[in-house]
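Colleague: Before I ask anything, here is the structure I am working with.
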Amino acid sequence: MSISILAIESSCDETSASVCVDGRILSNCIANQTIHERYGGVVPELASRAHMQNIVPVVSAALDIAFPEHTTRNAQPLIHNPQLATINAIAYTQSPGLIGSLLVGAQFAKSLAVSLDKPLIAVHHMQAHVLANLIPEERPAFPFLCLTVSGGHTQIVLARSPLDLKVIGETIDDAAGEAFDKTAKLLGLPYPGGPLVDKYAKEGDPKKFKFAEPQIPELNFSFSGLKTSVLYFLQKQEQGFIETNRNDLCASVQYTIIQILLKKLKKAVTETGVKNVCIAGGVSANSGLRAGLQQMGEKEGWKTYIPKFEYCTDNAAMIAITAYYKYQAGEFSSLEESPSARAEW
Ligand code: KG4
Ligand code: ZN
């Protein structure tokens with residue numbers, strides 16, 4: 001029997017819906033919320049409101065792209081959409097994330113599941129980031145290691161099977177994405193600064209300025225010191241220094257973050273003996289990190305896997321692929337389960 005999943009992701013400031021049939025992604029629609037740019041960060045109340053506005057059009061678009069032969073072009077209410085009849089289960093992001101944002105996606109998924117009489121699958125957002133690596137045809141064999149780097153998390157995960165994932169290292173303070181965004185703010189760049197640092201870094205010298213790397217035991221990370229060290233460094237400079245050195249500053253900050261990440265990843269490979277290595281999460285869209293992982297993989301004899309850009313930042317395709325494995329394992333969730341902002345694995 002074919003397995004069709006409709007998945008919804010709404011954990012932060014992207015509203016996304018995806019259809020996956022037998023492990024193949026047929027659509028992955030994402031509505032970005034630009035309203036937060038003017039506030040220098042995601043405003044939770046505004047994010048929830050924007051999810052409410054986006055969710056129906058985004059789900060309709062995901063169904064239309066997946067099943068073009070049945071396209072209704074919004075001519076009738078979503079619930080009467082013939083495309084929904086072919087769906088076997090509705091999946092949604094249950095945790096972690098902004099609670100108001102999670103509630104919109106969860107409630108929408110539950111309502112759809114009840115009205116269609118289909119099972120529900122609750123998905124852990126961080127597990128889904130890791131399993132984004134199982135979307136392409138060329139995917140890592142188990143066991144593999146995954147460096148998951150996002151706006152809220154920095155983890156090294158040992159994956160023994162799709163549903164057997166163990167966090168073996170993580171940040172003790174800021175996430176890698178926060179390190180990008182907070183240092184970008186010090187450099188006068190708008191939120192989210194990560195992609196802009198990436199852009200300016202391409203034209204800069206990564207060794208021009210040196211920032212201290214923290215000495216943290218085991219496979220754990222720390223990024224809060226980097227922000228402070230960039231702040232103290234900038235305070236000592238003359239006016240106009242940032243503007244004239246923006247490219248070199250971005251390249252040097254980015255280089256430091258990548259060094260911190262890759263050194264720990266190398267340690268994880270040495271300790272586990274696992275040489276299939278993936279990256280995931282929003283920061284894995286960073287061109288320096290992608291190139292750095294590839295270079296290190298070639299040098300160390302690893303097999304490396306890097307998801308397509310659209311599967312790195314928040315997206316529902318990763319929720320759909322995770323739900324596909326959960327469906328096969330019979331891991332369904334009840335209507336009583338609620339989303340939670342924080343969640344252990
Ligand atoms: O996974 P994600 O989309 O959302 C969370 O679950 O947090 O990650 C968002 C983070 C932000 O901190 C953003 O600045 C960072 O990913 N990011 C990047 C790049 N693209 C997104 N950081 C560095 N370089 C990029 N190209
Ligand atoms: Zn994420």
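To be explicit about the labels: the chains of the structure tokens are called A, B, and onward in the order shown, and within each one the residues are counted from 1, while ligands get numbers from 1 in the order they are shown.
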For ligand 1, return the neighbouring residues as a PyMOL selection string (distance at most 9 Å; only C-alpha atoms and all ligand atoms).

Modeller: chain A and resi 11-14+96-97+125-126+129+148-153+175-182+184+191-199+254+280-289+309+312-315

Colleague: Mind listing the strand (DSSP E or B) residues of region 18-260 of chain A, per DSSP on the backbone, as a PyMOL selection string?

Modeller: chain A and resi 18-21+24-32+89-95+120-124+144-149+154-161+164-171+221

Colleague: Skipping near chain neighbours, those fewer than 4 positions away, what residues fall within 8 Å of Asn88 (chain A) using only C-alpha atoms, listed as a PyMOL selection string?

Modeller: chain A and resi 3-5+118-119

Colleague: Using only C-alpha atoms and all ligand atoms, which of the listed residues (A:Tyr311, A:Gly240, A:Gly273, A:Leu134) sits closest to ligand 2?

Modeller: A:Tyr311

Colleague: Give the helix (DSSP H, G or I) residues of region 84-273 of chain A, as assigned by DSSP on the backbone, as a ChimeraX atom specification.

Modeller: /A:84-86,99-116,125-134,176-186,194-201,224-235,241-272

Colleague: Compare A:Arg38, A:Arg24, A:Lys236, A:Lys267 by their minimum atom-to-atom distance to Ile135 (chain A), counting only C-alpha atoms, and give me the closest one.

Modeller: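 Looking only at the distances to Ile135 (chain A), the closest residue turns out to be A:Arg24.
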
Colleague: Interatomic distance between CA of Tyr232 (chain A) and CA of Lys210 (chain A)?

Modeller: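 Rounded to one decimal, the two atoms are 12.5 Å apart.
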
Colleague: Report, in Å with one decimal, the straight-line distance from CA of Met1 (chain A) to CA of Pro57 (chain A).

Modeller: 29.2 Å

Colleague: Find the spatial neighbours of Ala113 (chain A), counting only C-alpha atoms, within a cut-off of 8 Å - ignore same-chain residues fewer than 6 positions away - and output them as a list of chain:residue names.

Modeller: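 Neighbouring residues, sequence-local ones excluded: A:Ala89, A:Ile90, A:Pro119, A:Leu120.
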
Colleague: Got time to write the residues from that selection, N, CA and C atoms, as a compact mmCIF listing (two decimals), in the first residue's frame?

Modeller:
```
# COMPACT_ATOMS: atom_id res chain seq x y z
N ALA A 89 -2.25 10.11 6.37
CA ALA A 89 -2.06 10.63 7.73
C ALA A 89 -1.67 12.11 7.67
N ILE A 90 -1.99 12.82 8.75
CA ILE A 90 -1.64 14.24 8.87
C ILE A 90 -0.55 14.35 9.93
N PRO A 119 -5.36 9.29 10.74
CA PRO A 119 -4.49 9.34 11.92
C PRO A 119 -3.57 10.56 11.93
N LEU A 120 -3.14 10.90 13.14
CA LEU A 120 -2.24 12.05 13.36
C LEU A 120 -0.85 11.55 13.70
```

Colleague: Quick one: distance from CA of Ala159 (chain A) to CA of Gln294 (chain A) in Å, one decimal?

Modeller: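 Separating CA of Ala159 (chain A) from CA of Gln294 (chain A) is a distance of 19.8 Å.
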
Colleague: Ranking A:Ser115, A:Gln295, A:Thr34, A:Ser27 by minimum distance to Ala85 (chain A) and counting only C-alpha atoms, which one comes first?

Modeller: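 So, comparing all the options, the nearest one is A:Ser115.
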